Every structure is written in structure tokens, then in C-alpha cells.
file coords.txt (compact mmCIF, C-alpha atoms and all ligand atoms)
# COMPACT_ATOMS: atom_id res chain seq x y z
CA MET J 1 84.69 248.47 85.59
CA GLU J 2 82.39 250.20 83.15
CA ILE J 3 81.57 248.21 80.03
CA LYS J 4 80.33 250.52 77.31
CA PRO J 5 77.62 249.01 75.13
CA LEU J 6 78.19 248.53 71.44
CA ILE J 7 76.61 251.49 69.73
CA THR J 8 75.93 251.03 66.04
CA GLY J 9 74.53 253.40 63.47
CA PHE J 10 76.48 256.34 64.89
CA GLU J 11 78.81 258.50 62.84
CA PRO J 12 82.15 258.64 64.67
CA GLN J 13 82.31 261.95 66.57
CA GLU J 14 85.52 263.90 66.19
CA LYS J 15 86.04 263.80 69.92
CA PRO J 16 88.66 261.75 71.71
CA ALA J 17 87.45 259.58 74.57
CA GLY J 18 86.88 261.43 77.82
CA GLU J 19 84.09 263.16 79.67
CA GLU J 20 82.48 266.26 78.14
CA GLY J 21 84.61 269.33 78.91
CA GLU J 22 87.41 267.16 80.31
CA LYS J 23 90.89 267.09 78.81
CA PRO J 24 90.74 264.40 76.11
CA ALA J 25 92.06 261.07 77.33
CA VAL J 26 95.12 259.72 75.61
CA TYR J 27 95.71 256.12 76.52
CA ASP J 28 99.19 254.80 77.02
CA VAL J 29 98.14 251.60 75.30
CA ILE J 30 95.16 250.82 73.12
CA ILE J 31 94.66 247.11 72.51
CA LEU J 32 92.53 246.03 69.58
CA GLY J 33 90.97 242.67 70.29
CA ALA J 34 90.05 240.79 73.46
CA GLY J 35 91.15 237.25 72.78
CA PRO J 36 94.04 235.56 74.62
CA ALA J 37 96.67 237.85 73.05
CA GLY J 38 94.83 241.12 73.69
CA LEU J 39 93.74 240.29 77.21
CA THR J 40 97.16 238.95 78.22
CA ALA J 41 98.68 242.18 76.90
CA ALA J 42 96.12 244.07 79.01
CA ILE J 43 97.06 242.10 82.14
CA TYR J 44 100.69 243.10 81.62
CA THR J 45 100.11 246.75 80.75
CA GLY J 46 97.60 247.05 83.57
CA ARG J 47 100.10 245.68 86.07
CA ALA J 48 102.68 248.10 84.64
CA ARG J 49 100.19 250.85 85.64
CA LEU J 50 99.78 251.99 82.04
CA LYS J 51 96.46 253.56 81.14
CA THR J 52 95.03 250.74 79.04
CA LEU J 53 91.99 250.54 76.80
CA VAL J 54 90.86 247.29 75.20
CA ILE J 55 88.54 247.68 72.22
CA ALA J 56 86.93 244.28 72.38
CA GLY J 57 84.57 244.11 69.42
CA SER J 58 81.06 242.99 70.20
CA LEU J 59 82.10 239.94 72.23
CA PRO J 60 85.31 239.62 74.27
CA GLY J 61 86.95 236.23 74.43
CA GLY J 62 88.30 235.53 70.96
CA GLU J 63 88.67 232.02 69.62
CA PRO J 64 88.54 230.19 72.99
CA SER J 65 84.94 231.30 73.44
CA ASN J 66 84.10 229.30 70.28
CA THR J 67 85.84 226.22 71.66
CA ASP J 68 84.13 223.57 73.73
CA LEU J 69 87.01 222.28 75.81
CA VAL J 70 90.58 223.58 75.90
CA GLU J 71 92.87 220.71 76.90
CA ASN J 72 96.30 222.09 76.10
CA TYR J 73 96.44 225.36 78.03
CA PRO J 74 98.89 224.79 80.91
CA GLY J 75 97.53 224.87 84.44
CA PHE J 76 94.26 223.09 83.72
CA PRO J 77 95.08 219.38 83.78
CA GLU J 78 91.43 218.39 83.36
CA GLY J 79 90.92 220.93 80.58
CA ILE J 80 88.78 224.03 80.83
CA ALA J 81 85.72 225.18 78.91
CA GLY J 82 86.83 227.73 76.31
CA MET J 83 84.22 230.20 77.50
CA ASP J 84 85.46 229.93 81.11
CA LEU J 85 89.05 230.47 80.08
CA ALA J 86 88.07 233.56 78.06
CA GLN J 87 86.14 234.91 81.06
CA ARG J 88 89.13 234.35 83.33
CA PHE J 89 91.42 236.27 80.96
CA GLN J 90 88.96 239.15 80.98
CA SER J 91 88.52 239.21 84.78
CA GLN J 92 92.27 239.20 85.25
CA ALA J 93 92.74 242.11 82.83
CA GLU J 94 89.99 244.07 84.58
CA ARG J 95 91.49 243.33 87.97
CA PHE J 96 94.59 245.25 86.92
CA GLY J 97 92.63 248.24 85.67
CA ALA J 98 92.21 247.67 81.93
CA GLU J 99 89.16 249.44 80.54
CA ILE J 100 87.27 247.14 78.19
CA VAL J 101 84.78 248.58 75.72
CA LEU J 102 82.41 246.54 73.57
CA ASP J 103 82.96 248.57 70.47
CA GLU J 104 84.65 247.96 67.16
CA ALA J 105 87.49 249.80 65.47
CA THR J 106 86.34 251.11 62.09
CA ALA J 107 89.47 253.00 60.99
CA VAL J 108 92.98 253.62 62.28
CA ASP J 109 95.59 256.28 61.63
CA PHE J 110 99.12 255.28 62.47
CA SER J 111 100.71 258.13 60.48
CA GLN J 112 100.74 260.54 63.44
CA GLU J 113 101.41 260.25 67.16
CA PRO J 114 99.47 259.76 69.28
CA PHE J 115 97.77 257.15 67.10
CA THR J 116 94.08 257.49 66.32
CA ILE J 117 91.48 254.72 66.46
CA HIS J 118 87.98 255.41 65.21
CA THR J 119 85.22 253.18 66.50
CA TYR J 120 81.48 253.08 65.87
CA SER J 121 80.88 255.39 68.82
CA THR J 122 83.94 257.61 69.24
CA VAL J 123 87.59 258.32 68.48
CA TYR J 124 90.39 257.21 70.76
CA LYS J 125 94.01 258.31 70.96
CA GLY J 126 96.84 256.06 72.07
CA ARG J 127 100.56 256.49 72.50
CA THR J 128 101.01 252.85 71.59
CA VAL J 129 98.73 250.30 69.97
CA ILE J 130 98.76 246.52 70.29
CA ILE J 131 96.85 244.78 67.52
CA ALA J 132 95.36 241.48 68.58
CA THR J 133 92.37 241.24 66.28
CA GLY J 134 92.93 237.55 65.60
CA ALA J 135 91.66 235.59 62.67
CA GLU J 136 88.24 234.53 61.49
CA PRO J 137 87.01 231.28 59.98
CA ARG J 138 87.67 230.85 56.28
CA ARG J 139 84.52 230.38 54.25
CA LEU J 140 84.08 227.69 51.62
CA GLY J 141 82.86 230.16 49.02
CA VAL J 142 80.42 227.70 47.42
CA PRO J 143 76.80 228.23 46.37
CA GLY J 144 74.40 227.89 49.30
CA GLU J 145 76.92 228.82 51.99
CA ASP J 146 75.77 232.43 52.44
CA LYS J 147 72.13 231.58 51.87
CA PHE J 148 72.07 228.94 54.60
CA PHE J 149 74.47 230.59 57.06
CA GLY J 150 72.62 230.45 60.37
CA ARG J 151 70.06 228.07 58.85
CA GLY J 152 72.13 224.93 58.83
CA VAL J 153 75.59 226.29 58.01
CA SER J 154 77.78 227.22 60.96
CA ALA J 155 81.39 227.83 61.93
CA CYS J 156 80.76 227.31 65.64
CA ALA J 157 79.86 223.91 67.03
CA THR J 158 79.96 225.24 70.58
CA CYS J 159 77.29 227.82 69.71
CA ASP J 160 75.08 225.71 67.45
CA GLY J 161 75.77 222.05 68.21
CA PHE J 162 72.87 221.81 70.63
CA PHE J 163 70.39 222.37 67.77
CA TYR J 164 71.49 219.15 66.09
CA LYS J 165 70.29 216.67 68.69
CA ASP J 166 69.73 213.33 66.89
CA LYS J 167 70.35 215.00 63.53
CA ARG J 168 73.01 214.38 60.89
CA VAL J 169 75.82 216.86 60.41
CA VAL J 170 78.83 217.16 58.18
CA VAL J 171 82.09 218.81 59.17
CA VAL J 172 84.32 220.16 56.42
CA GLY J 173 88.09 220.16 57.04
CA GLY J 174 90.79 217.90 58.42
CA GLY J 175 92.60 220.08 60.95
CA ASP J 176 92.42 220.27 64.74
CA SER J 177 89.32 222.45 64.66
CA ALA J 178 87.37 220.15 62.36
CA ILE J 179 88.18 217.05 64.39
CA ALA J 180 87.88 218.57 67.87
CA GLU J 181 84.57 220.21 67.01
CA GLY J 182 83.41 217.11 65.13
CA LEU J 183 84.02 215.09 68.29
CA PHE J 184 82.08 217.66 70.28
CA LEU J 185 79.18 217.38 67.83
CA THR J 186 78.95 213.61 68.45
CA LYS J 187 77.46 214.52 71.85
CA PHE J 188 74.36 215.72 70.03
CA ALA J 189 74.24 214.50 66.46
CA SER J 190 73.30 210.99 65.36
CA GLU J 191 76.15 210.99 62.83
CA VAL J 192 79.10 213.28 62.06
CA VAL J 193 80.53 212.98 58.57
CA VAL J 194 83.95 214.57 58.12
CA ILE J 195 84.58 215.65 54.54
CA HIS J 196 88.26 216.23 53.87
CA ARG J 197 90.01 217.15 50.65
CA ARG J 198 92.89 214.70 51.20
CA ASP J 199 93.13 211.12 52.48
CA GLN J 200 94.98 212.06 55.66
CA LEU J 201 93.98 214.33 58.49
CA ARG J 202 96.09 217.29 59.49
CA ALA J 203 94.77 217.15 63.07
CA THR J 204 97.04 216.19 65.95
CA GLN J 205 97.41 212.45 66.66
CA ILE J 206 95.39 212.30 69.87
CA LEU J 207 92.38 213.87 68.15
CA GLN J 208 92.71 211.51 65.20
CA GLU J 209 92.76 208.50 67.52
CA ARG J 210 89.62 209.68 69.29
CA ALA J 211 87.87 210.44 66.02
CA PHE J 212 88.66 207.06 64.43
CA ALA J 213 87.49 205.29 67.59
CA ASN J 214 84.20 207.19 67.74
CA PRO J 215 81.36 205.11 66.24
CA LYS J 216 79.39 208.22 65.32
CA MET J 217 82.16 209.60 63.08
CA ARG J 218 82.48 208.73 59.42
CA PHE J 219 85.02 210.05 56.92
CA VAL J 220 84.64 211.01 53.30
CA TRP J 221 88.16 211.33 51.91
CA ASP J 222 89.59 213.18 48.92
CA SER J 223 86.44 215.19 48.59
CA VAL J 224 85.39 218.82 48.45
CA VAL J 225 82.00 220.40 49.00
CA GLU J 226 80.81 222.04 45.81
CA GLU J 227 77.36 223.19 46.88
CA ILE J 228 75.17 223.35 49.97
CA LEU J 229 71.65 222.22 49.18
CA GLY J 230 68.34 222.95 50.83
CA ASP J 231 65.01 224.72 50.69
CA GLU J 232 64.24 226.60 53.90
CA MET J 233 67.00 224.76 55.76
CA VAL J 234 70.01 222.69 54.71
CA THR J 235 69.16 219.24 53.36
CA GLY J 236 72.48 218.11 51.94
CA VAL J 237 75.83 218.85 50.35
CA ARG J 238 77.05 218.07 46.88
CA VAL J 239 80.60 216.72 47.04
CA ARG J 240 83.15 215.97 44.38
CA ASN J 241 85.84 213.35 44.74
CA VAL J 242 89.01 215.16 43.67
CA LYS J 243 90.66 211.92 42.51
CA THR J 244 87.85 210.42 40.44
CA GLY J 245 85.89 213.60 39.62
CA GLU J 246 82.70 211.80 40.69
CA THR J 247 80.03 213.89 42.39
CA SER J 248 77.46 212.72 44.91
CA VAL J 249 75.01 214.16 47.43
CA ILE J 250 75.34 213.55 51.17
CA GLU J 251 72.11 214.21 53.00
CA THR J 252 72.57 216.26 56.14
CA ASP J 253 70.86 218.72 58.45
CA GLY J 254 73.90 220.81 59.26
CA VAL J 255 77.23 221.83 57.78
CA PHE J 256 80.08 222.93 60.07
CA VAL J 257 82.93 224.55 58.19
CA TYR J 258 86.41 224.33 59.71
CA ILE J 259 88.85 224.96 56.89
CA GLY J 260 91.27 227.30 58.62
CA MET J 261 91.39 230.95 59.43
CA VAL J 262 92.06 234.28 57.72
CA PRO J 263 93.66 237.15 59.65
CA LYS J 264 91.50 240.16 60.48
CA THR J 265 93.69 242.85 58.98
CA LYS J 266 91.50 244.79 56.54
CA LEU J 267 91.77 247.91 58.72
CA PHE J 268 95.54 247.93 58.45
CA VAL J 269 95.97 247.68 54.69
CA GLY J 270 98.12 250.63 53.63
CA GLN J 271 99.13 251.39 57.23
CA LEU J 272 101.15 248.35 58.21
CA LYS J 273 103.31 245.84 56.41
CA LEU J 274 101.30 242.66 55.75
CA ASP J 275 102.56 239.41 54.24
CA GLU J 276 101.14 237.84 51.08
CA GLN J 277 98.46 236.01 53.11
CA GLY J 278 97.41 239.23 54.86
CA TYR J 279 99.05 238.55 58.24
CA ILE J 280 100.74 241.50 59.98
CA VAL J 281 104.49 241.24 59.74
CA ALA J 282 105.94 241.49 63.26
CA ASP J 283 109.45 240.75 64.52
CA ARG J 284 110.31 238.62 67.55
CA HIS J 285 109.66 241.62 69.78
CA GLN J 286 106.13 241.82 68.26
CA ARG J 287 107.07 245.14 66.62
CA THR J 288 105.41 246.07 63.34
CA ASN J 289 107.01 248.38 60.78
CA VAL J 290 105.48 251.39 62.61
CA PRO J 291 107.31 252.24 65.86
CA GLY J 292 104.85 252.08 68.73
CA VAL J 293 102.46 249.70 66.98
CA PHE J 294 102.76 246.06 68.02
CA ALA J 295 100.93 242.93 66.91
CA ALA J 296 100.24 239.75 68.87
CA GLY J 297 98.36 236.49 68.51
CA ASP J 298 96.79 234.98 65.41
CA VAL J 299 96.71 238.25 63.46
CA GLN J 300 100.48 237.90 62.96
CA ASP J 301 100.84 234.13 63.23
CA PRO J 302 100.09 231.91 60.23
CA ASN J 303 101.82 228.91 61.81
CA TYR J 304 101.01 228.08 65.41
CA ARG J 305 97.73 229.70 66.37
CA GLN J 306 97.60 228.24 69.86
CA ILE J 307 96.09 229.98 72.88
CA VAL J 308 99.28 229.64 74.86
CA ILE J 309 101.31 231.20 72.05
CA ALA J 310 98.81 234.02 71.52
CA ALA J 311 99.00 234.77 75.24
CA GLY J 312 102.82 234.67 75.12
CA THR J 313 103.04 237.10 72.22
CA GLY J 314 100.53 239.34 73.98
CA ALA J 315 102.86 239.49 76.98
CA VAL J 316 105.85 240.30 74.75
CA ALA J 317 103.93 243.06 72.95
CA ALA J 318 102.91 244.58 76.29
CA MET J 319 106.47 244.54 77.64
CA GLU J 320 107.74 246.12 74.42
CA ALA J 321 104.99 248.77 74.54
CA GLU J 322 106.06 249.60 78.08
CA ARG J 323 109.68 249.85 76.98
CA PHE J 324 108.69 252.02 74.01
CA LEU J 325 106.75 254.39 76.25
CA SER J 326 109.58 254.83 78.69
CA GLU J 327 112.34 255.17 76.08
CA TYR J 328 110.92 256.56 72.85
CA TRP J 329 107.93 258.61 73.96
CA GLN J 330 109.73 260.29 76.79
CA THR J 331 112.63 261.25 74.51
CA HIS J 332 110.54 262.44 71.57
CA HIS J 333 107.55 263.92 73.39
CA ALA J 334 109.03 265.28 76.61
CA GLU J 335 106.14 267.71 76.97
CA ALA J 336 103.54 264.92 77.06
CA LYS J 337 104.87 262.19 79.27
CA PRO J 338 102.75 259.07 79.64
CA SER J 339 100.41 259.30 82.61
P1 LIG J 401 94.13 224.31 59.83
O1 LIG J 401 95.04 223.58 60.73
O2 LIG J 401 94.69 225.29 58.88
O3 LIG J 401 93.31 223.20 59.01
C1 LIG J 401 92.43 223.56 58.01
C2 LIG J 401 91.90 222.31 57.35
O4 LIG J 401 90.98 222.69 56.33
C3 LIG J 401 93.00 221.47 56.68
O5 LIG J 401 92.73 220.12 56.87
C4 LIG J 401 92.87 221.89 55.23
O6 LIG J 401 93.19 220.84 54.35
C5 LIG J 401 91.41 222.18 55.08
N1 LIG J 401 91.14 223.23 54.08
C6 LIG J 401 91.72 224.44 53.94
N2 LIG J 401 91.16 225.13 52.94
C7 LIG J 401 90.21 224.34 52.42
C8 LIG J 401 89.27 224.49 51.37
N3 LIG J 401 89.20 225.62 50.65
N4 LIG J 401 88.41 223.47 51.12
C9 LIG J 401 88.46 222.33 51.85
N5 LIG J 401 89.33 222.13 52.87
C10 LIG J 401 90.18 223.11 53.15
O7 LIG J 401 92.97 225.10 60.61
P2 LIG J 401 92.24 224.75 62.00
O8 LIG J 401 91.89 223.32 62.11
O9 LIG J 401 91.16 225.78 62.11
O10 LIG J 401 93.32 225.08 63.06
C11 LIG J 401 93.89 226.40 63.11
C12 LIG J 401 94.97 226.43 64.16
O11 LIG J 401 94.36 226.33 65.44
C13 LIG J 401 95.96 225.28 64.02
O12 LIG J 401 97.22 225.76 64.30
C14 LIG J 401 95.50 224.31 65.06
O13 LIG J 401 96.55 223.52 65.56
C15 LIG J 401 94.94 225.24 66.11
N6 LIG J 401 93.90 224.53 66.89
C16 LIG J 401 94.33 223.74 67.90
C17 LIG J 401 93.42 223.02 68.63
C18 LIG J 401 93.91 222.14 69.71
O14 LIG J 401 93.19 221.45 70.34
N7 LIG J 401 95.20 222.12 69.94
C19 LIG J 401 92.06 223.09 68.35
C20 LIG J 401 91.66 223.89 67.31
C21 LIG J 401 92.59 224.60 66.57
P3 LIG J 401 94.71 220.30 54.21
O15 LIG J 401 94.94 219.46 55.42
O16 LIG J 401 94.66 219.53 52.95
O17 LIG J 401 95.57 221.52 54.14

call {"tool": "encode", "arguments": {"input": "coords.txt", "output": "C-alpha cells", "more": "lines below"}}
Ligand code: NAP
result
Amino acid sequence: MEIKPLITGFEPQEKPAGEEGEKPAVYDVIILGAGPAGLTAAIYTGRARLKTLVIAGSLPGGEPSNTDLVENYPGFPEGIAGMDLAQRFQSQAERFGAEIVLDEATAVDFSQEPFTIHTYSTVYKGRTVIIATGAEPRRLGVPGEDKFFGRGVSACATCDGFFYKDKRVVVVGGGDSAIAEGLFLTKFASEVVVIHRRDQLRATQILQERAFANPKMRFVWDSVVEEILGDEMVTGVRVRNVKTGETSVIETDGVFVYIGMVPKTKLFVGQLKLDEQGYIVADRHQRTNVPGVFAAGDVQDPNYRQIVIAAGTGAVAAMEAERFLSEYWQTHHAEAKPS
């Protein structure tokens, strides 16, 4: 399977995908995103023998590839490294013929069929589109965060934890991500301080039990980070106790921010119905308000955001896209039947 490299700095050419001089390719299904939802959709559409393109961004895998160990995906009783799981999803999609390109969608046009997707390198046409662009980590939005991003501030313990061997780190947040990744960081760091804005964690019970039992973990309750301090690298965080108003500095070498996710939907503003938090509104058949455009995974799910659920909605979206192609497209576009 050919993987096209990410090409940046190119103006999109007004040329649909396909070889020079060849009839432009129109895909039956274009999937935006290569996390669990997008790749599961690709497995299903590939097996349905639909001509499938996955526009994967610069790195396929989605959230699992930022996760150390996935313990709650069925079929792996010992757990599986997030990166391995992501790779397995991709191999399985490729096995059934999905074409995966490492390119990024820069604009979409859902006002005309077939739908148009512009990327950095070209323009693609699809009879249906499944949006599975996921969500990205929410930023704290405090002074120092941008300045020290990559120099002590991170949103990925799996990627950066290794650099904190015998160093002190803080983790901001009280959800599953903060606690699971905080526990992972105890493998390297000398101390992991969890700073949470309330006095109770949101994380699931089993993670809480492990965290409270871990001698390297310490908790600073009812507190928010107001500033990230440093010179060349991070040296500390200024925190404020939300109950007393008192501020103090916690010295640290690293700050890992896990305060939830925001959906990646900027491209779809004005094209699709979004809710007040920016998530795509999809029904239980994963249909958006535009017939032929489906959404799956975290981009339309403010509540569950689990790999198994993303994969499930990806499968539903794929089955609905298949149904749409056989019913709607063949009725309305008899002259251009799906290949
Ligand atoms: P989350 O569950 O939304 O938790 C976000 C945490 O950050 C909450 O504790 C929240 O505080 C805090 N927070 C939010 N905004 C903040 C701000 N501006 N300043 C300070 N703190 C802030 O997000 P998540 O932990 O990334 O998890 C996302 C989803 O992935 C969840 O559904 C989770 O179950 C799932 N997940 C599952 C696993 C697993 O092993 N099963 C692992 C990782 C993620 P409050 O508690 O006060 O709201």
C-alpha cells in the first residue's frame, strides 16, 4: 500500500486525485482521521469493497498512540501498548484495501456532490465522507504554557516521559488521562505531583486506587495553575488555591497537562451542525445534517471518548455510508454509480 508523504508548503492543485491524464478518481468513501473510529470505518468500507481513502493527518493512530497502556479494549486481557493497538488498526484497514495518505485536510465543501476535500497536496472527491478527526488536548491558557511547550510543558507522557528520569513533574487534571499518565510518569520521575482544581478525582476508581497507593504520587487539591515559570526550561508552576485564594510556587522540571479534550471541528464550521461545545451533531446512525456525511468517534462524542466506543461508531458510520451509497447515490446519480 502506497503511503504518500506529507507535503507542506504546496498550494492545493485544482486536480482531483488520480494519475496524470487518468480519469479523476472519485472515492466511494473518504475518511478524515486515522484513529480508532476512522480506521475501524476503513476496515468496514474496505471489506464492503468500497473505494476508500483515509486522510490520516501527519501521524495515523489517533489518541491510542499517545497512550502508554490500553487496559480496557476487549480482547487484550493483559492490556496492549497504545502504539501497538493503533498499528494493528492501521494494518487491518490496509489489509482490506484502504488507501491511507499522510496528508491533512485544509478545507472541505459539502455543498455539492461528490464532496470535495482539499489537502495540502491535492484535492479529493468523495461520494460519502466519514469525519473521524477526533479531539485534541485542551490547553491551560496560562502565561508560560506556549513559551515552554516542548521545553518542559507537554500533553504526552508517552512521548516525553522518558526525558524526566529522576526529575520532578507535575500533572494538571483529575480525569482518567491525568491519573493514568501520571502513573506512567512514576516509572521515570522522582515525584509526580497531581494538581487538581477540586478535592476529588474524576478518574475511574481503579486508577484512583493505584494513584493513592503509589508512593511517588502527591496531590495538590483545590488548586489551579496560574503560570508556568522558567528561564530556558521550566522550573516551576505558580498555583492558586481556589478555596483560600492563597498562591504558592511548586518547583518542577516538567508540566503535563491533561485537562480534557476539544473536538477538531474548525474545518466544518458553517458546513455542518455543531453543538455549543463545537462537537459535530450526529444521530444514532452517525449521520450529520448533510446526507452522505457521517461523523464517528470523539469528534461527535463529548461524553464517552473510549477507544471501544470510537471504534463502534466508526463501524456504524461505515455501514451507513455503504447503505447511503447503494440507496441514495444510485437513485440520484444513476449515471455515476459507485465503483
Ligand atoms: P476529562 O475526563 O474531561 O477530565 C479532565 C480533567 O481536567 C477533569 O478532572 C477536570 O476537572 C480538569 N479540568 C478541565 N478543565 C480544566 C481547567 N481549565 N483547569 C484545570 N483543570 C481542568 O478528560 P480526560 O481525563 O482527558 O479523559 C477524556 C476521556 O477519555 C474520558 O472520557 C476518559 O474516561 C477517557 N479516558 C479513558 C482512559 C481509560 O483508561 N479508560 C484513559 C484516558 C482517557 P473536573 O474534574 O473538576 O471537571

call {"tool": "closest_residue", "arguments": {"input": "coords.txt", "among": "J:Thr235, J:Gly254, J:Val142, J:Thr265", "to": "Phe188 (chain J)", "atoms": "all atoms listed in the file"}}
result
J:Gly254

call {"tool": "residues_near_ligand", "arguments": {"input": "coords.txt", "ligand": "ligand LIG 401 (chain J)", "cutoff": "9 Å", "atoms": "all atoms listed in the file", "output": "PyMOL selection string"}}
result
chain J and resi 63+67+69-73+137-141+172-181+195-204+207+223-225+257-261+298+302-307

call {"tool": "atom_distance", "arguments": {"input": "coords.txt", "atom1": "CA of Asp84 (chain J)", "atom2": "CA of Phe96 (chain J)"}}
result
18.8 Å

call {"tool": "residues_around", "arguments": {"input": "coords.txt", "residues": "Glu276 (chain J)", "least_positions_apart": "5", "cutoff": "12 Å", "atoms": "all atoms listed in the file", "output": "list in words"}}
result
Val262, Pro263, Thr265, Val269, Val281, Gln300 and Pro302 of chain J

call {"tool": "closest_residue", "arguments": {"input": "coords.txt", "among": "J:Pro291, J:Gly245, J:Gly62, J:Gly270", "to": "Glu136 (chain J)", "atoms": "all atoms listed in the file"}}
result
J:Gly62

call {"tool": "atom_distance", "arguments": {"input": "coords.txt", "atom1": "CA of Arg210 (chain J)", "atom2": "CA of Gly82 (chain J)"}}
result
19.6 Å

call {"tool": "atom_distance", "arguments": {"input": "coords.txt", "atom1": "CA of His333 (chain J)", "atom2": "CA of Ala42 (chain J)"}}
result
23.6 Å
